[in-house]
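Remarks on the structure that follows.
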Amino acid sequence: MIYMLRVDNLSKHFGGVKAVNDCSFSVKKGKITALIGPNGSGKSTLLKSIFNLCEIHSGKIMFKDKDITKLPTHDLIEEGISFVPQGRQVFSDLSVRENLEMGAYTIADKEVIKRNMDEVFKKFPFLKEKQNDYAFSLSGGQQQLLAIARALIQDPELILFDEPSLGLSPKAMKEVFDKIIEINKEGISVIIVEQNAKQAVKIANRTYVLEQGKIALEGGKKLLHDKKIKNIYFGGE
Ligand code: ADP
Ligand code: MG
């Protein structure tokens, strides 16, 4: 197995809008793959399609040599895929611990849940400290880390991140990126969608650029020096 995930000719239409239009790409095991592109270019729809949060029009999704195209989300989680949605989507009127328990909803074995919870608390000591606090009492950066922890409790092999740095202070943003790098170093493959394109290309092994639902360009870190990419996505920097 070379690829952790392979997406072939995926399309998702909303009425006449081809949100994702015949996209093919692959994600190597143990690597970070970035998806960048302007607002409305189909990045979130692509991730939601992989995680079966919306019904696709056509295409095939392979995960570790298995066709997962039609699998419901809870089965995808059991297969080893987790999703950290855009806007974090933590349950603000539940406690930190309850949020993590929600993440573990596909796991029946209480011992496994406890073990995974302990692992997550080891990685995020502040969450252990604040486990009985309401999620709304956390800062934006802490809520993002909670959303990441909620995915990690599922013990995934691949995590899909949708705009994890959106709306965060530079300091919180750095913490989130550092955490993603750390998670990847521990062996978890990553797909990251980012409006902070430069940072995403920097940490990614491979980047795909989406434009109007299509993959317009792909490349490695040399995209950092690509004139067109710099002008359009890095504000000319
Ligand atoms: P991005 O994440 O790159 O900003 P999206 O995947 O959110 O882009 O959106 C891609 C396109 O699909 C946009 O034109 C958007 O308006 C449209 N779209 C997304 N979700 C829906 C929906 N639930 N209903 C109708 N159109 C949608
Ligand atoms: Mg989006």
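Naming scheme: A, B, ... for chains in displayed order of the structure tokens; residues 1 onward per chain; ligands 1 onward as shown.
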
According to DSSP computed on the backbone, where in region 160-196 of chain A is there strand (DSSP E)? Give the residues as a list in words.
Leu160, Phe161, Asp162, Ser189, Val190, Ile191, Ile192 and Val193 of chain A

Would you save the residues from that selection as a CSV table (one decimal), in the first residue's frame, using C-alpha atoms?
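Result file follows (selection-v1.csv):
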```csv
chain,number,residue,atom,x,y,z
A,160,LEU,CA,-9.1,15.5,7.7
A,161,PHE,CA,-8.7,19.1,9.0
A,162,ASP,CA,-11.0,21.8,7.6
A,189,SER,CA,-1.6,10.9,7.9
A,190,VAL,CA,-3.1,14.4,7.5
A,191,ILE,CA,-5.2,16.2,4.9
A,192,ILE,CA,-5.4,19.9,5.8
A,193,VAL,CA,-7.6,22.5,4.1
```

Helix (DSSP H, G or I) call set, DSSP backbone run, region 109-161 of chain A, as an MDAnalysis selection string:
chainID A and resid 110:123 125:129 135:137 140:152

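Here the question is which of A:Val17, A:Leu76, A:Leu53, A:Ala204 gets nearest to Pro156 (chain A) using only C-alpha atoms, and that residue is A:Leu76.
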
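Across the structure, CA of Glu211 (chain A) and atom 4 (O, counted along the ligand's line) of ligand 1 are spaced 10.2 Å apart.
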
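When CA of Lys128 (chain A) is paired with CA of Leu100 (chain A), their separation reads 10.7 Å.
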
Env. residues ligand 1 / 10 Å / only C-alpha atoms and all ligand atoms / as a PDB file with all heavy atoms, in the first residue's frame:
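Written out: pocket.pdb:
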```pdb
ATOM      1  N   LYS A  12     -19.311  16.415  -6.897  1.00  0.00           N
ATOM      2  CA  LYS A  12     -20.459  16.696  -6.031  1.00  0.00           C
ATOM      3  C   LYS A  12     -21.115  17.977  -6.530  1.00  0.00           C
ATOM      4  O   LYS A  12     -20.471  19.030  -6.583  1.00  0.00           O
ATOM      5  CB  LYS A  12     -19.976  16.873  -4.578  1.00  0.00           C
ATOM      6  CG  LYS A  12     -20.993  17.492  -3.653  1.00  0.00           C
ATOM      7  CD  LYS A  12     -22.171  16.563  -3.394  1.00  0.00           C
ATOM      8  CE  LYS A  12     -23.266  17.247  -2.597  1.00  0.00           C
ATOM      9  NZ  LYS A  12     -24.491  16.441  -2.530  1.00  0.00           N
ATOM     10  N   HIS A  13     -22.361  17.879  -6.937  1.00  0.00           N
ATOM     11  CA  HIS A  13     -23.069  19.051  -7.458  1.00  0.00           C
ATOM     12  C   HIS A  13     -24.147  19.482  -6.468  1.00  0.00           C
ATOM     13  O   HIS A  13     -24.759  18.652  -5.812  1.00  0.00           O
ATOM     14  CB  HIS A  13     -23.743  18.737  -8.805  1.00  0.00           C
ATOM     15  CG  HIS A  13     -22.797  18.195  -9.836  1.00  0.00           C
ATOM     16  ND1 HIS A  13     -23.215  17.689 -11.033  1.00  0.00           N
ATOM     17  CD2 HIS A  13     -21.454  18.089  -9.841  1.00  0.00           C
ATOM     18  CE1 HIS A  13     -22.173  17.279 -11.745  1.00  0.00           C
ATOM     19  NE2 HIS A  13     -21.087  17.500 -11.026  1.00  0.00           N
ATOM     20  N   PHE A  14     -24.333  20.797  -6.365  1.00  0.00           N
ATOM     21  CA  PHE A  14     -25.503  21.327  -5.648  1.00  0.00           C
ATOM     22  C   PHE A  14     -26.356  22.006  -6.708  1.00  0.00           C
ATOM     23  O   PHE A  14     -26.015  23.111  -7.138  1.00  0.00           O
ATOM     24  CB  PHE A  14     -25.086  22.352  -4.594  1.00  0.00           C
ATOM     25  CG  PHE A  14     -24.319  21.765  -3.435  1.00  0.00           C
ATOM     26  CD1 PHE A  14     -22.960  21.980  -3.317  1.00  0.00           C
ATOM     27  CD2 PHE A  14     -24.969  21.017  -2.460  1.00  0.00           C
ATOM     28  CE1 PHE A  14     -22.251  21.448  -2.242  1.00  0.00           C
ATOM     29  CE2 PHE A  14     -24.270  20.488  -1.384  1.00  0.00           C
ATOM     30  CZ  PHE A  14     -22.908  20.700  -1.278  1.00  0.00           C
ATOM     31  N   GLY A  15     -27.432  21.353  -7.131  1.00  0.00           N
ATOM     32  CA  GLY A  15     -28.193  21.894  -8.261  1.00  0.00           C
ATOM     33  C   GLY A  15     -27.246  22.058  -9.443  1.00  0.00           C
ATOM     34  O   GLY A  15     -26.552  21.120  -9.829  1.00  0.00           O
ATOM     35  N   GLY A  16     -27.165  23.261  -9.975  1.00  0.00           N
ATOM     36  CA  GLY A  16     -26.293  23.503 -11.126  1.00  0.00           C
ATOM     37  C   GLY A  16     -24.843  23.786 -10.744  1.00  0.00           C
ATOM     38  O   GLY A  16     -23.986  23.916 -11.614  1.00  0.00           O
ATOM     39  N   VAL A  17     -24.566  23.912  -9.433  1.00  0.00           N
ATOM     40  CA  VAL A  17     -23.205  24.270  -9.012  1.00  0.00           C
ATOM     41  C   VAL A  17     -22.333  23.018  -8.879  1.00  0.00           C
ATOM     42  O   VAL A  17     -22.637  22.129  -8.088  1.00  0.00           O
ATOM     43  CB  VAL A  17     -23.223  25.015  -7.647  1.00  0.00           C
ATOM     44  CG1 VAL A  17     -21.813  25.345  -7.184  1.00  0.00           C
ATOM     45  CG2 VAL A  17     -24.079  26.263  -7.738  1.00  0.00           C
ATOM     46  N   LYS A  18     -21.280  22.975  -9.679  1.00  0.00           N
ATOM     47  CA  LYS A  18     -20.359  21.835  -9.572  1.00  0.00           C
ATOM     48  C   LYS A  18     -19.325  22.153  -8.496  1.00  0.00           C
ATOM     49  O   LYS A  18     -18.229  22.634  -8.779  1.00  0.00           O
ATOM     50  CB  LYS A  18     -19.685  21.581 -10.924  1.00  0.00           C
ATOM     51  CG  LYS A  18     -20.670  21.122 -11.971  1.00  0.00           C
ATOM     52  CD  LYS A  18     -19.995  20.866 -13.312  1.00  0.00           C
ATOM     53  CE  LYS A  18     -21.027  20.292 -14.287  1.00  0.00           C
ATOM     54  NZ  LYS A  18     -20.547  20.184 -15.652  1.00  0.00           N
ATOM     55  N   ALA A  19     -19.719  21.911  -7.243  1.00  0.00           N
ATOM     56  CA  ALA A  19     -18.865  22.280  -6.101  1.00  0.00           C
ATOM     57  C   ALA A  19     -17.541  21.527  -6.151  1.00  0.00           C
ATOM     58  O   ALA A  19     -16.478  22.101  -5.916  1.00  0.00           O
ATOM     59  CB  ALA A  19     -19.600  21.997  -4.794  1.00  0.00           C
ATOM     60  N   VAL A  20     -17.618  20.233  -6.456  1.00  0.00           N
ATOM     61  CA  VAL A  20     -16.412  19.434  -6.706  1.00  0.00           C
ATOM     62  C   VAL A  20     -16.611  18.804  -8.075  1.00  0.00           C
ATOM     63  O   VAL A  20     -17.612  18.147  -8.323  1.00  0.00           O
ATOM     64  CB  VAL A  20     -16.211  18.340  -5.624  1.00  0.00           C
ATOM     65  CG1 VAL A  20     -15.013  17.469  -5.976  1.00  0.00           C
ATOM     66  CG2 VAL A  20     -16.023  18.965  -4.245  1.00  0.00           C
ATOM     67  N   LEU A  35      -4.781  21.076   0.917  1.00  0.00           N
ATOM     68  CA  LEU A  35      -5.701  21.523  -0.142  1.00  0.00           C
ATOM     69  C   LEU A  35      -5.901  23.010   0.065  1.00  0.00           C
ATOM     70  O   LEU A  35      -6.380  23.428   1.127  1.00  0.00           O
ATOM     71  CB  LEU A  35      -7.063  20.835  -0.002  1.00  0.00           C
ATOM     72  CG  LEU A  35      -7.174  19.335  -0.245  1.00  0.00           C
ATOM     73  CD1 LEU A  35      -8.565  18.856   0.172  1.00  0.00           C
ATOM     74  CD2 LEU A  35      -6.954  19.033  -1.716  1.00  0.00           C
ATOM     75  N   ILE A  36      -5.500  23.798  -0.912  1.00  0.00           N
ATOM     76  CA  ILE A  36      -5.725  25.234  -0.794  1.00  0.00           C
ATOM     77  C   ILE A  36      -6.564  25.703  -1.992  1.00  0.00           C
ATOM     78  O   ILE A  36      -6.752  24.958  -2.952  1.00  0.00           O
ATOM     79  CB  ILE A  36      -4.401  26.038  -0.704  1.00  0.00           C
ATOM     80  CG1 ILE A  36      -3.551  25.862  -1.957  1.00  0.00           C
ATOM     81  CG2 ILE A  36      -3.606  25.611   0.526  1.00  0.00           C
ATOM     82  CD1 ILE A  36      -2.334  26.796  -2.013  1.00  0.00           C
ATOM     83  N   GLY A  37      -7.032  26.935  -1.906  1.00  0.00           N
ATOM     84  CA  GLY A  37      -7.861  27.464  -2.994  1.00  0.00           C
ATOM     85  C   GLY A  37      -8.774  28.535  -2.445  1.00  0.00           C
ATOM     86  O   GLY A  37      -9.005  28.587  -1.239  1.00  0.00           O
ATOM     87  N   PRO A  38      -9.299  29.387  -3.314  1.00  0.00           N
ATOM     88  CA  PRO A  38     -10.138  30.487  -2.851  1.00  0.00           C
ATOM     89  C   PRO A  38     -11.432  30.018  -2.192  1.00  0.00           C
ATOM     90  O   PRO A  38     -11.806  28.853  -2.308  1.00  0.00           O
ATOM     91  CB  PRO A  38     -10.429  31.282  -4.123  1.00  0.00           C
ATOM     92  CG  PRO A  38     -10.041  30.433  -5.260  1.00  0.00           C
ATOM     93  CD  PRO A  38      -9.125  29.365  -4.760  1.00  0.00           C
ATOM     94  N   ASN A  39     -12.095  30.946  -1.523  1.00  0.00           N
ATOM     95  CA  ASN A  39     -13.406  30.675  -0.943  1.00  0.00           C
ATOM     96  C   ASN A  39     -14.339  30.131  -1.999  1.00  0.00           C
ATOM     97  O   ASN A  39     -14.389  30.656  -3.103  1.00  0.00           O
ATOM     98  CB  ASN A  39     -14.008  31.979  -0.403  1.00  0.00           C
ATOM     99  CG  ASN A  39     -13.879  32.044   1.090  1.00  0.00           C
ATOM    100  OD1 ASN A  39     -13.757  30.999   1.751  1.00  0.00           O
ATOM    101  ND2 ASN A  39     -13.886  33.243   1.633  1.00  0.00           N
ATOM    102  N   GLY A  40     -15.069  29.088  -1.654  1.00  0.00           N
ATOM    103  CA  GLY A  40     -16.059  28.562  -2.596  1.00  0.00           C
ATOM    104  C   GLY A  40     -15.475  27.647  -3.657  1.00  0.00           C
ATOM    105  O   GLY A  40     -16.176  27.237  -4.580  1.00  0.00           O
ATOM    106  N   SER A  41     -14.189  27.292  -3.528  1.00  0.00           N
ATOM    107  CA  SER A  41     -13.576  26.455  -4.573  1.00  0.00           C
ATOM    108  C   SER A  41     -13.856  24.962  -4.356  1.00  0.00           C
ATOM    109  O   SER A  41     -13.449  24.145  -5.177  1.00  0.00           O
ATOM    110  CB  SER A  41     -12.065  26.714  -4.656  1.00  0.00           C
ATOM    111  OG  SER A  41     -11.439  26.448  -3.423  1.00  0.00           O
ATOM    112  N   GLY A  42     -14.534  24.635  -3.247  1.00  0.00           N
ATOM    113  CA  GLY A  42     -14.965  23.243  -3.065  1.00  0.00           C
ATOM    114  C   GLY A  42     -14.162  22.451  -2.039  1.00  0.00           C
ATOM    115  O   GLY A  42     -14.348  21.236  -1.908  1.00  0.00           O
ATOM    116  N   LYS A  43     -13.336  23.130  -1.275  1.00  0.00           N
ATOM    117  CA  LYS A  43     -12.463  22.427  -0.324  1.00  0.00           C
ATOM    118  C   LYS A  43     -13.271  21.687   0.750  1.00  0.00           C
ATOM    119  O   LYS A  43     -13.049  20.509   1.001  1.00  0.00           O
ATOM    120  CB  LYS A  43     -11.482  23.418   0.338  1.00  0.00           C
ATOM    121  CG  LYS A  43     -10.676  24.236  -0.653  1.00  0.00           C
ATOM    122  CD  LYS A  43      -9.712  25.189   0.028  1.00  0.00           C
ATOM    123  CE  LYS A  43     -10.360  26.277   0.893  1.00  0.00           C
ATOM    124  NZ  LYS A  43     -11.224  27.225   0.156  1.00  0.00           N
ATOM    125  N   SER A  44     -14.201  22.418   1.389  1.00  0.00           N
ATOM    126  CA  SER A  44     -15.002  21.781   2.443  1.00  0.00           C
ATOM    127  C   SER A  44     -15.862  20.664   1.863  1.00  0.00           C
ATOM    128  O   SER A  44     -16.005  19.600   2.475  1.00  0.00           O
ATOM    129  CB  SER A  44     -15.908  22.809   3.125  1.00  0.00           C
ATOM    130  OG  SER A  44     -15.144  23.727   3.859  1.00  0.00           O
ATOM    131  N   THR A  45     -16.435  20.920   0.700  1.00  0.00           N
ATOM    132  CA  THR A  45     -17.293  19.904   0.077  1.00  0.00           C
ATOM    133  C   THR A  45     -16.490  18.641  -0.222  1.00  0.00           C
ATOM    134  O   THR A  45     -16.994  17.523  -0.042  1.00  0.00           O
ATOM    135  CB  THR A  45     -17.928  20.464  -1.213  1.00  0.00           C
ATOM    136  OG1 THR A  45     -18.631  21.663  -0.894  1.00  0.00           O
ATOM    137  CG2 THR A  45     -18.881  19.468  -1.836  1.00  0.00           C
ATOM    138  N   LEU A  46     -15.256  18.819  -0.631  1.00  0.00           N
ATOM    139  CA  LEU A  46     -14.404  17.666  -0.916  1.00  0.00           C
ATOM    140  C   LEU A  46     -14.168  16.843   0.356  1.00  0.00           C
ATOM    141  O   LEU A  46     -14.329  15.616   0.359  1.00  0.00           O
ATOM    142  CB  LEU A  46     -13.073  18.161  -1.511  1.00  0.00           C
ATOM    143  CG  LEU A  46     -12.069  17.137  -2.019  1.00  0.00           C
ATOM    144  CD1 LEU A  46     -12.731  16.107  -2.911  1.00  0.00           C
ATOM    145  CD2 LEU A  46     -10.962  17.849  -2.797  1.00  0.00           C
ATOM    146  N   LEU A  47     -13.840  17.526   1.452  1.00  0.00           N
ATOM    147  CA  LEU A  47     -13.622  16.797   2.716  1.00  0.00           C
ATOM    148  C   LEU A  47     -14.909  16.121   3.186  1.00  0.00           C
ATOM    149  O   LEU A  47     -14.900  14.972   3.608  1.00  0.00           O
ATOM    150  CB  LEU A  47     -13.112  17.741   3.818  1.00  0.00           C
ATOM    151  CG  LEU A  47     -11.689  18.277   3.687  1.00  0.00           C
ATOM    152  CD1 LEU A  47     -11.252  18.937   4.990  1.00  0.00           C
ATOM    153  CD2 LEU A  47     -10.694  17.197   3.302  1.00  0.00           C
ATOM    154  N   LYS A  48     -16.025  16.859   3.104  1.00  0.00           N
ATOM    155  CA  LYS A  48     -17.308  16.285   3.549  1.00  0.00           C
ATOM    156  C   LYS A  48     -17.699  15.092   2.684  1.00  0.00           C
ATOM    157  O   LYS A  48     -18.321  14.144   3.173  1.00  0.00           O
ATOM    158  CB  LYS A  48     -18.414  17.341   3.490  1.00  0.00           C
ATOM    159  CG  LYS A  48     -18.339  18.345   4.633  1.00  0.00           C
ATOM    160  CD  LYS A  48     -19.546  19.270   4.562  1.00  0.00           C
ATOM    161  CE  LYS A  48     -19.255  20.613   5.177  1.00  0.00           C
ATOM    162  NZ  LYS A  48     -20.152  21.665   4.659  1.00  0.00           N
ATOM    163  N   SER A  49     -17.333  15.139   1.408  1.00  0.00           N
ATOM    164  CA  SER A  49     -17.633  14.012   0.516  1.00  0.00           C
ATOM    165  C   SER A  49     -16.839  12.783   0.933  1.00  0.00           C
ATOM    166  O   SER A  49     -17.371  11.671   0.976  1.00  0.00           O
ATOM    167  CB  SER A  49     -17.286  14.365  -0.936  1.00  0.00           C
ATOM    168  OG  SER A  49     -18.051  15.458  -1.371  1.00  0.00           O
ATOM    169  N   CYS A  54     -21.934  14.245   2.881  1.00  0.00           N
ATOM    170  CA  CYS A  54     -22.870  14.582   1.810  1.00  0.00           C
ATOM    171  C   CYS A  54     -22.764  13.516   0.731  1.00  0.00           C
ATOM    172  O   CYS A  54     -21.732  12.870   0.584  1.00  0.00           O
ATOM    173  CB  CYS A  54     -22.612  15.980   1.249  1.00  0.00           C
ATOM    174  SG  CYS A  54     -20.993  16.222   0.540  1.00  0.00           S
ATOM    175  N   GLN A  86     -14.690  22.499   9.843  1.00  0.00           N
ATOM    176  CA  GLN A  86     -14.522  23.957   9.806  1.00  0.00           C
ATOM    177  C   GLN A  86     -15.365  24.578  10.920  1.00  0.00           C
ATOM    178  O   GLN A  86     -16.489  24.150  11.177  1.00  0.00           O
ATOM    179  CB  GLN A  86     -14.992  24.469   8.435  1.00  0.00           C
ATOM    180  CG  GLN A  86     -14.753  25.948   8.208  1.00  0.00           C
ATOM    181  CD  GLN A  86     -15.038  26.361   6.761  1.00  0.00           C
ATOM    182  OE1 GLN A  86     -14.898  25.573   5.829  1.00  0.00           O
ATOM    183  NE2 GLN A  86     -15.435  27.601   6.574  1.00  0.00           N
ATOM    184  N   ASP A 162     -10.415  20.766   8.434  1.00  0.00           N
ATOM    185  CA  ASP A 162     -10.972  21.834   7.598  1.00  0.00           C
ATOM    186  C   ASP A 162     -10.726  23.191   8.260  1.00  0.00           C
ATOM    187  O   ASP A 162     -11.356  23.514   9.269  1.00  0.00           O
ATOM    188  CB  ASP A 162     -12.474  21.605   7.358  1.00  0.00           C
ATOM    189  CG  ASP A 162     -12.997  22.451   6.196  1.00  0.00           C
ATOM    190  OD1 ASP A 162     -12.231  23.308   5.689  1.00  0.00           O
ATOM    191  OD2 ASP A 162     -14.162  22.253   5.798  1.00  0.00           O
ATOM    192  N   GLU A 163      -9.833  23.962   7.697  1.00  0.00           N
ATOM    193  CA  GLU A 163      -9.507  25.321   8.160  1.00  0.00           C
ATOM    194  C   GLU A 163      -9.246  25.401   9.669  1.00  0.00           C
ATOM    195  O   GLU A 163      -9.880  26.213  10.365  1.00  0.00           O
ATOM    196  CB  GLU A 163     -10.663  26.295   7.830  1.00  0.00           C
ATOM    197  CG  GLU A 163     -11.119  26.248   6.385  1.00  0.00           C
ATOM    198  CD  GLU A 163     -10.505  27.335   5.521  1.00  0.00           C
ATOM    199  OE1 GLU A 163      -9.471  27.918   5.931  1.00  0.00           O
ATOM    200  OE2 GLU A 163     -11.054  27.581   4.438  1.00  0.00           O
ATOM    201  N   VAL A 193      -7.075  21.419   4.922  1.00  0.00           N
ATOM    202  CA  VAL A 193      -7.613  22.488   4.092  1.00  0.00           C
ATOM    203  C   VAL A 193      -7.322  23.788   4.815  1.00  0.00           C
ATOM    204  O   VAL A 193      -7.581  23.885   6.018  1.00  0.00           O
ATOM    205  CB  VAL A 193      -9.136  22.316   3.916  1.00  0.00           C
ATOM    206  CG1 VAL A 193      -9.803  23.608   3.506  1.00  0.00           C
ATOM    207  CG2 VAL A 193      -9.437  21.216   2.915  1.00  0.00           C
ATOM    208  N   GLU A 194      -6.769  24.771   4.138  1.00  0.00           N
ATOM    209  CA  GLU A 194      -6.378  25.996   4.827  1.00  0.00           C
ATOM    210  C   GLU A 194      -6.559  27.248   3.975  1.00  0.00           C
ATOM    211  O   GLU A 194      -6.263  27.258   2.797  1.00  0.00           O
ATOM    212  CB  GLU A 194      -4.898  25.916   5.236  1.00  0.00           C
ATOM    213  CG  GLU A 194      -4.672  25.592   6.697  1.00  0.00           C
ATOM    214  CD  GLU A 194      -5.296  26.593   7.661  1.00  0.00           C
ATOM    215  OE1 GLU A 194      -5.391  27.786   7.324  1.00  0.00           O
ATOM    216  OE2 GLU A 194      -5.702  26.167   8.757  1.00  0.00           O
ATOM    217  N   GLN A 195      -7.021  28.323   4.646  1.00  0.00           N
ATOM    218  CA  GLN A 195      -6.995  29.634   3.989  1.00  0.00           C
ATOM    219  C   GLN A 195      -5.625  30.261   4.221  1.00  0.00           C
ATOM    220  O   GLN A 195      -5.182  31.111   3.469  1.00  0.00           O
ATOM    221  CB  GLN A 195      -8.127  30.549   4.499  1.00  0.00           C
ATOM    222  CG  GLN A 195      -8.558  30.346   5.940  1.00  0.00           C
ATOM    223  CD  GLN A 195      -7.674  31.053   6.949  1.00  0.00           C
ATOM    224  OE1 GLN A 195      -7.311  32.199   6.749  1.00  0.00           O
ATOM    225  NE2 GLN A 195      -7.336  30.368   8.031  1.00  0.00           N
ATOM    226  N   LEU A 210      -7.145  23.934  -5.472  1.00  0.00           N
ATOM    227  CA  LEU A 210      -8.491  23.796  -6.040  1.00  0.00           C
ATOM    228  C   LEU A 210      -8.964  25.126  -6.608  1.00  0.00           C
ATOM    229  O   LEU A 210      -8.816  26.171  -5.961  1.00  0.00           O
ATOM    230  CB  LEU A 210      -9.476  23.372  -4.948  1.00  0.00           C
ATOM    231  CG  LEU A 210      -9.737  21.899  -4.708  1.00  0.00           C
ATOM    232  CD1 LEU A 210     -10.745  21.745  -3.571  1.00  0.00           C
ATOM    233  CD2 LEU A 210     -10.276  21.213  -5.947  1.00  0.00           C
ATOM    234  N   GLU A 211      -9.518  25.083  -7.781  1.00  0.00           N
ATOM    235  CA  GLU A 211     -10.162  26.270  -8.359  1.00  0.00           C
ATOM    236  C   GLU A 211     -11.474  25.834  -8.979  1.00  0.00           C
ATOM    237  O   GLU A 211     -11.482  24.952  -9.845  1.00  0.00           O
ATOM    238  CB  GLU A 211      -9.250  26.922  -9.416  1.00  0.00           C
ATOM    239  CG  GLU A 211      -8.151  27.755  -8.790  1.00  0.00           C
ATOM    240  CD  GLU A 211      -7.113  28.255  -9.796  1.00  0.00           C
ATOM    241  OE1 GLU A 211      -7.363  28.150 -11.015  1.00  0.00           O
ATOM    242  OE2 GLU A 211      -6.060  28.718  -9.343  1.00  0.00           O
ATOM    243  N   GLN A 212     -12.559  26.425  -8.516  1.00  0.00           N
ATOM    244  CA  GLN A 212     -13.896  26.112  -9.024  1.00  0.00           C
ATOM    245  C   GLN A 212     -14.147  24.611  -9.105  1.00  0.00           C
ATOM    246  O   GLN A 212     -14.609  24.097 -10.121  1.00  0.00           O
ATOM    247  CB  GLN A 212     -14.103  26.772 -10.378  1.00  0.00           C
ATOM    248  CG  GLN A 212     -14.068  28.280 -10.259  1.00  0.00           C
ATOM    249  CD  GLN A 212     -14.323  28.980 -11.581  1.00  0.00           C
ATOM    250  OE1 GLN A 212     -14.185  28.398 -12.653  1.00  0.00           O
ATOM    251  NE2 GLN A 212     -14.705  30.235 -11.505  1.00  0.00           N
ATOM    252  N   GLY A 213     -13.813  23.923  -8.008  1.00  0.00           N
ATOM    253  CA  GLY A 213     -14.115  22.500  -7.921  1.00  0.00           C
ATOM    254  C   GLY A 213     -13.155  21.587  -8.642  1.00  0.00           C
ATOM    255  O   GLY A 213     -13.317  20.371  -8.623  1.00  0.00           O
TER     256      GLY A 213
END
```

Which of these, A:Ser165, A:Ser26, A:Asn205, A:Asn231, has the shortest distance to ligand 2 once you count only C-alpha atoms and all ligand atoms?
A:Ser165

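Atom pair CA of Leu10 (chain A) / CA of Phe51 (chain A) has a distance of 12.8 Å (rounded to one decimal).
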
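Shell of Tyr105 (chain A) at 10 Å, with only C-alpha atoms counted and residues fewer than 6 places along the chain excluded, is His74, Ile77, Ile113, Ile153 and Gln154 of chain A.
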
Using only C-alpha atoms, which residues sit within 12 Å of region 116-120 of chain A once same-chain residues fewer than 5 positions away are excluded, as a PyMOL selection string?
chain A and resi 96-104+107+109-111+125-128+131+145-156+183

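Here the question is which of A:Asn52, A:Gln143, A:Thr33, A:Asn132 gets nearest to Ile203 (chain A) using only C-alpha atoms, and that residue is A:Thr33.
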
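Candidate residues A:Lys60, A:Ala197, A:Gln142, A:Asn21 were compared for distance to Lys171 (chain A), and the nearest is A:Gln142, using only C-alpha atoms.
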
Rank A:Glu129, A:Ser24, A:Glu79, A:Lys31 by their smallest atom-to-atom distance to Glu186 (chain A), using only C-alpha atoms, and report the top residue only.
A:Lys31
